[in-house]
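Working notes, structure below.
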Amino acid sequence: MEDEKQLQTAEFEREPVPASHWKSWKSFLGMYAGEHAAGTEFVIGPLFLTAGVSAFDLIMGLLLGNLLAVLSWRFLTAEIATKHRLTLYFQLEKICGRNLVTLYNLANGVLFCFLAGSMITVSATAVGIPFNMQMPKLTDTMPNGPTWVVIVLALGAMFTFIAAKGFKTVSRAANFMSPIIVLGFLLAGIVALRQLGVGSFSDFWNIWGEGGEPYPGQIKYTFWHVVIWSWFCNAAMHIGMSDLTVFRFAKNANAGWTTAAGMYVGHYMAWIAAALLYAAYIRTPEAATFIAEDHAPPVAPGPLANNAIGVFGVLTVILAGWTTANPTIYRSGLAFQAIMPLTSSGKANTFWATVIAGTMATVAGLFPAFAMKLLDFVAVYGFILAPVGAVIVFEHFFAEKLGLVKNYAEKTGSHFNMAVLLAWALSGGLFYFISKSQDVFLSFLTLPAWMGCGVLYLGLSKFYQKRALTKP
């Protein structure tokens with residue numbers, strides 16, 4: 001009876017998920033719709049207005065960029081996840097060795113904590129409205145008062161508790177809350193259209209028109225900026241293979257198509273709805289003051305939604321931040337448990353690893369800078385983590401054809417696969433240098449860095465494995 005209970009609650013961190021725990025596509029639909037129709041969409045949506053994007057570039061660019069993201073999840077992440085049914089961290093350990101993957105897990109877990117912290121910040125701007133809390137500005141970096149601190153700590157504790165209960169609880173929470181969130185974004189967009197006096201499609205199109213000059217401190221976004229940024233804003237999760245951890249529970253790879261719910265509800269409808277809210281806001285006297293001073297008008301997500309649809313808008317922001325923070329803390333916890341000692345029974349202590357992750361996320365949430373600089377942070381963390389996913393992808397599809405040993409570290413007892421480290425460092429270092437020295441939009445270089453890492457890994461593996469076999 002005890003063994004059965006453990007099986008029911010296990011997260012299978014260091015073994016394939018058994019068939020008895022595979023889940024249908026419905027378990028993933030609500031999770032992705034909720035996670036990507038997030039409170040941060042209220043921040044991301046206005047970006048396209050401040051960056052002077054045109055109507056065609058926005059509407060068509062998001063259509064294409066989100067399609068590429070869905071295809072990446074379906075034919076790379078879900079395909080590999082349902083073949084091996086391992087977490088990203090255990091899969092990497094088999095390839096890289098325990099010592100190298102410890103470094104990756106630490107970096108991955110910490111970056112996910114910062115991302116989850118920004119979600120807690122977003123929800124806090126909604127919870128603080130009834131308390132007349134001072135809202136963070138775009139330039140704020142430190143907590144702005146005791147009310148802010150208390151609200152963030154309370155939200156962080158609640159989000160962490162749900163995440164620590166495991167994938168099943170995270171999935172249930174997302175399925176329950178995502179319809180409310182989607183409705184909130186839809187209603188907010190409709191109200192904003194009325195505030196803007198939109199009576200026809202041409203009126204809607206003219207909100208962006210042919211685009212314009214970016215606001216101070218912003219760069220000009222073109223069609224390809226929109227396509228590439230929308231494709232790679234979740235690069236760590238699809239081509240970076242982080243969502244192996246999620247899709248290992250899927251019955252088959254077609255569950256990967258459920259990511260379309262997140263992309264086209266969250267990263268299409270919700271971004272456009274948020275942009276509409278911002279378009280209405282920048283016509284107000286308050287926003288005009290900021291513009292006159294050559295500053296982009298700052299908007300806290302809670303008040304923005306509250307001004308459009310009142311209490312329901314506040315609820316939408318709270319739940320949207322929650323459903324994004326939950327799976328992000330869960331992923332971070334799995335990263336940390338991979339480097340923590342096993343329990344006396346030989347099992348990984350996922351619960352306490354997730355509590356540690358949630359605590360770090362809560363501390364990060366106290367500092368508004370993580371949310372206010374979210375777009376830059378997302379680009380950087382995707383660029384850092386995504387190339388490691390190429391190691392898994394290129395090994396899965398090409399290792400046998402090239403005569404390479406798969407899961408080399410596991411089969412040889414190695415604790416440190418130098419081929420992985422060099423491929424990751426050389427590819428990332430080269431393209432980051434290009435970005436800085438040539439002033440190239442960092443997201444434009446995520447795919448080259450990813451492909452470069454994969455190719456270098458195969459070549460270096462060929463060299464190191466051949467040398468190991470020829471040693472006396």
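Chains: A, B, ... in order of the structure tokens. Residues: from 1 per chain. Ligands: from 1, in order shown.
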
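Those residues that approach Phe394 of chain A to within 10 Å, counting only C-alpha atoms, are Met451, Cys453, Gly454, Val455, Tyr457 and Leu458 of chain A; same-chain residues fewer than 6 positions away are not listed.
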
For Phe159 of chain A, please output as a ChimeraX atom specification all residues within 8 Å (counting only C-alpha atoms; exclusion window: fewer than 5 positions along the same chain).
/A:322,325-326,358

Restricting it to N, CA and C atoms, dump the selection as an mmCIF file, in the first residue's frame.
data_model
loop_
_atom_site.group_PDB
_atom_site.id
_atom_site.type_symbol
_atom_site.label_atom_id
_atom_site.label_comp_id
_atom_site.auth_asym_id
_atom_site.auth_seq_id
_atom_site.Cartn_x
_atom_site.Cartn_y
_atom_site.Cartn_z
ATOM 1 N N TRP A 322 -0.055 33.947 -11.382
ATOM 2 C CA TRP A 322 -0.028 32.679 -10.654
ATOM 3 C C TRP A 322 0.224 31.507 -11.602
ATOM 4 N N ALA A 325 3.834 31.570 -12.772
ATOM 5 C CA ALA A 325 4.811 31.312 -11.718
ATOM 6 C C ALA A 325 4.804 29.847 -11.300
ATOM 7 N N ASN A 326 3.618 29.212 -11.246
ATOM 8 C CA ASN A 326 3.531 27.818 -10.796
ATOM 9 C C ASN A 326 4.439 26.873 -11.580
ATOM 10 N N GLY A 358 10.949 28.330 -4.850
ATOM 11 C CA GLY A 358 9.887 29.307 -4.610
ATOM 12 C C GLY A 358 10.335 30.433 -3.700
#

Pull the helix (DSSP H, G or I) assignments for segment 141-358 of chain A out of DSSP run on the backbone, and list those residues as an MDAnalysis selection string.
chainID A and resid 146:164 167:195 201:206 223:232 244:247 253:281 285:292 301:337 350:358

Just the residues within 12 Å of Leu304 of chain A, please, counting only C-alpha atoms, with nothing from its chain fewer than 3 positions along; format it as a PyMOL selection string.
chain A and resi 39+41-43+45-46+122+125-126+129+135+185+188-189+191-192+273-282+297-301+307-314+316-317

Identify which of the residues A:Phe377, A:Trp271, A:Trp424, A:Phe75 lies closest to Phe397 of chain A, counting only C-alpha atoms when measuring atom-to-atom distances.
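Looking at the shortest contact to Phe397 of chain A, the residue is A:Phe75.
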
So, with only C-alpha atoms as the atoms that count, which of A:Ile329, A:Ala33, A:Cys233, A:Ile80 lies closest to Ser443 of chain A?
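Looking at the shortest contact to Ser443 of chain A, the residue is A:Cys233.
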
Between A:Leu100, A:Leu334, A:Leu196, A:Leu155, single out the one closest to Ala419 of chain A, counting only C-alpha atoms.
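The answer is A:Leu100, which sits nearest to Ala419 of chain A.
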
Segment 251-262 of chain A environment, 8 Å, only C-alpha atoms, sequence neighbours closer than 2 positions dropped, as a PyMOL selection string:
chain A and resi 19+22-25+28-29+32-37+66-67+70-71+73-75+77-79+81-82+247+249+264-267

Extract, using only C-alpha atoms, all DNA, RNA and protein residues at most 10 Å from Ile339 of chain A, discarding same-chain residues fewer than 5 positions from it, and format them as JSON, numbers by chain.
{"A": [89, 98, 99, 101, 102, 103, 104, 105, 106, 334, 348, 353]}

Can you spit out the residues from that selection as a tab-separated table (two decimals), in the first residue's frame, using C-alpha atoms?
chain	number	residue	atom	x	y	z
A	89	TYR	CA	18.13	17.49	-16.09
A	98	ARG	CA	27.12	14.78	-13.10
A	99	ASN	CA	29.62	17.61	-12.56
A	101	VAL	CA	25.13	19.18	-15.50
A	102	THR	CA	25.31	20.50	-11.94
A	103	LEU	CA	26.59	23.80	-13.34
A	104	TYR	CA	23.82	23.89	-15.93
A	105	ASN	CA	21.13	22.96	-13.41
A	106	LEU	CA	22.24	25.71	-11.06
A	334	LEU	CA	13.40	20.03	-10.62
A	348	ALA	CA	15.11	12.92	-4.97
A	353	ALA	CA	13.88	21.64	-3.82

Do a neighbour search on Thr362 of chain A at 10 Å with only C-alpha atoms, toss out local chain neighbours closer than 3 positions, and write the hits as a ChimeraX atom specification.
/A:113-114,116-121,149,152-157,159-160,356-359,365-367

So how far away is atom CA of Ile162 of chain A from atom CA of Trp352 of chain A, in Å?
12.7 Å

Shell around Pro214 of chain A at 9 Å using only C-alpha atoms, local window under 4 positions removed, as a list of chain:residue names
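Surrounding residues, per the criterion: A:Leu49, A:Thr50, A:Ala51, A:Gly52, A:Val53, A:Gln218, A:Ile219, A:Lys220, A:Tyr221.
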